[in-house]
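The structure appears below as structure tokens.
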Amino acid sequence: ADLPKEMIKNYQAFNLSVIKIKNTSHEDTKFDIFERLNKGSAKLTEQEIRNCLYRGTLNTAIKRLVEEPRFKKIFNFPEKPVVRMEDAGFVVAYLCLQDVGGRIRGEPKATINRYMAKNKMISEDEIKQLFNGFMSVSETIFTLFGEHSFRKYHGLVEAPVDGKSIRSQKSYWDPKINTAIAHTMMYAVSHFTRHQITINAEVIREKILDLMTIDRDFVNSLLMQTTAEKHMTLRIE
């Protein structure tokens, strides 16, 4: 009542556009709109958005899994990661990779979103089966590489990149998990029993180190669009 009449008139005549998002709206649409609105000073990561959109039994269980001592020992994600919820996002991406048979077609983000939407309310028994498979594969790889599991190894001489060989004074392992390497290893190992891996551990370990250092196609697939379908297929094969 205290506002000028002209201002009240303008306010009453203003058209306010509203977009209504329903439960039946396409998952990609909901995620994209959430991303567009998410332009504050602390921008949410993709997994943080999924944590909001796909609340349910699977999302809750994943958050519990990444807090378990066994998980922390094997993966050793930093306590204060650069990418928030990086550990949960890592788990979701691998479960999705398994679900689509190792071939994520199109945009990985959209494929992972659809996986979470489809499975957000799965049963406890289904979750237990997924997590048992995830941890079994992870522990098998841990027996091969220990604290260096899921990291990139750099040899004294590595495959040429842009026509030039990379030479180092000493070999070393990256301290941070390489998601492309980790998911490739895990998916490949999931097709064998732990016994099959264990009895051939030395040969498998050497083959993997060769892939990470002297196989030019494999090394290049780690450097260029790591989530592109052709590069993911090359690494798995």
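Chain identifiers are assigned as A, B, and so on, following the order in which chains appear in the structure tokens; residues are numbered from 1 within each chain, and ligands are numbered from 1 in order of appearance.
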Taking the DSSP secondary structure from the backbone, can you list the residues of region 2-237 of chain A that are helix (DSSP H, G or I), as number ranges by chain? A: 5-13, 27-37, 46-53, 57-65, 69-75, 86-99, 108-119, 124-148, 179-189, 194-199, 201-213, 216-223, 229-236
CA of Tyr94 (chain A) sits from CA of Ile112 (chain A) at a separation of 9.3 Å
Would you compute the distance between CA of Tyr172 (chain A) and CA of Gly155 (chain A)? Give it in Å to one decimal. 6.8 Å
What residues in region 32-173 of chain A get the DSSP label strand (DSSP E or B)? Please answer as a ChimeraX atom specification. /A:153-154,157-161,164-167,172-173
I need the residues from that last selection saved to file as a PDB file, in the first residue's frame (with N, CA, C and O atoms), if you can.
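Result file is part-v1.pdb:
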```
ATOM      1  N   TYR A 153      51.109 -45.443 -13.962  1.00  0.00           N
ATOM      2  CA  TYR A 153      52.532 -45.705 -13.798  1.00  0.00           C
ATOM      3  C   TYR A 153      53.305 -45.031 -14.920  1.00  0.00           C
ATOM      4  O   TYR A 153      52.902 -45.055 -16.079  1.00  0.00           O
ATOM      5  N   HIS A 154      54.430 -44.408 -14.573  1.00  0.00           N
ATOM      6  CA  HIS A 154      55.286 -43.750 -15.557  1.00  0.00           C
ATOM      7  C   HIS A 154      56.646 -44.449 -15.550  1.00  0.00           C
ATOM      8  O   HIS A 154      57.348 -44.457 -14.532  1.00  0.00           O
ATOM      9  N   VAL A 157      61.005 -44.762 -20.018  1.00  0.00           N
ATOM     10  CA  VAL A 157      60.690 -44.351 -21.391  1.00  0.00           C
ATOM     11  C   VAL A 157      59.260 -44.752 -21.673  1.00  0.00           C
ATOM     12  O   VAL A 157      58.859 -45.887 -21.429  1.00  0.00           O
ATOM     13  N   GLU A 158      58.451 -43.804 -22.156  1.00  0.00           N
ATOM     14  CA  GLU A 158      57.052 -44.093 -22.420  1.00  0.00           C
ATOM     15  C   GLU A 158      56.730 -43.920 -23.889  1.00  0.00           C
ATOM     16  O   GLU A 158      57.506 -43.358 -24.664  1.00  0.00           O
ATOM     17  N   ALA A 159      55.557 -44.422 -24.262  1.00  0.00           N
ATOM     18  CA  ALA A 159      55.115 -44.371 -25.659  1.00  0.00           C
ATOM     19  C   ALA A 159      55.108 -42.938 -26.177  1.00  0.00           C
ATOM     20  O   ALA A 159      54.852 -41.990 -25.423  1.00  0.00           O
ATOM     21  N   PRO A 160      55.405 -42.752 -27.467  1.00  0.00           N
ATOM     22  CA  PRO A 160      55.414 -41.412 -28.043  1.00  0.00           C
ATOM     23  C   PRO A 160      54.059 -40.732 -27.948  1.00  0.00           C
ATOM     24  O   PRO A 160      53.028 -41.359 -28.180  1.00  0.00           O
ATOM     25  N   VAL A 161      54.055 -39.478 -27.572  1.00  0.00           N
ATOM     26  CA  VAL A 161      52.871 -38.626 -27.590  1.00  0.00           C
ATOM     27  C   VAL A 161      53.184 -37.460 -28.506  1.00  0.00           C
ATOM     28  O   VAL A 161      54.180 -36.757 -28.310  1.00  0.00           O
ATOM     29  N   LYS A 164      56.734 -37.755 -29.993  1.00  0.00           N
ATOM     30  CA  LYS A 164      57.931 -37.644 -29.154  1.00  0.00           C
ATOM     31  C   LYS A 164      57.836 -38.593 -27.961  1.00  0.00           C
ATOM     32  O   LYS A 164      56.835 -38.612 -27.249  1.00  0.00           O
ATOM     33  N   SER A 165      58.874 -39.394 -27.759  1.00  0.00           N
ATOM     34  CA  SER A 165      58.906 -40.292 -26.604  1.00  0.00           C
ATOM     35  C   SER A 165      59.132 -39.482 -25.331  1.00  0.00           C
ATOM     36  O   SER A 165      59.846 -38.471 -25.339  1.00  0.00           O
ATOM     37  N   ILE A 166      58.498 -39.917 -24.260  1.00  0.00           N
ATOM     38  CA  ILE A 166      58.652 -39.248 -22.969  1.00  0.00           C
ATOM     39  C   ILE A 166      59.698 -39.995 -22.149  1.00  0.00           C
ATOM     40  O   ILE A 166      59.588 -41.194 -21.936  1.00  0.00           O
ATOM     41  N   ARG A 167      60.730 -39.282 -21.703  1.00  0.00           N
ATOM     42  CA  ARG A 167      61.802 -39.900 -20.930  1.00  0.00           C
ATOM     43  C   ARG A 167      61.857 -39.279 -19.533  1.00  0.00           C
ATOM     44  O   ARG A 167      61.724 -38.067 -19.373  1.00  0.00           O
ATOM     45  N   TYR A 172      57.844 -43.720 -11.723  1.00  0.00           N
ATOM     46  CA  TYR A 172      57.026 -43.304 -10.581  1.00  0.00           C
ATOM     47  C   TYR A 172      55.547 -43.559 -10.861  1.00  0.00           C
ATOM     48  O   TYR A 172      55.140 -43.791 -12.006  1.00  0.00           O
ATOM     49  N   TRP A 173      54.756 -43.498  -9.796  1.00  0.00           N
ATOM     50  CA  TRP A 173      53.305 -43.643  -9.875  1.00  0.00           C
ATOM     51  C   TRP A 173      52.653 -42.307  -9.557  1.00  0.00           C
ATOM     52  O   TRP A 173      53.088 -41.606  -8.647  1.00  0.00           O
TER      53      TRP A 173
END
```
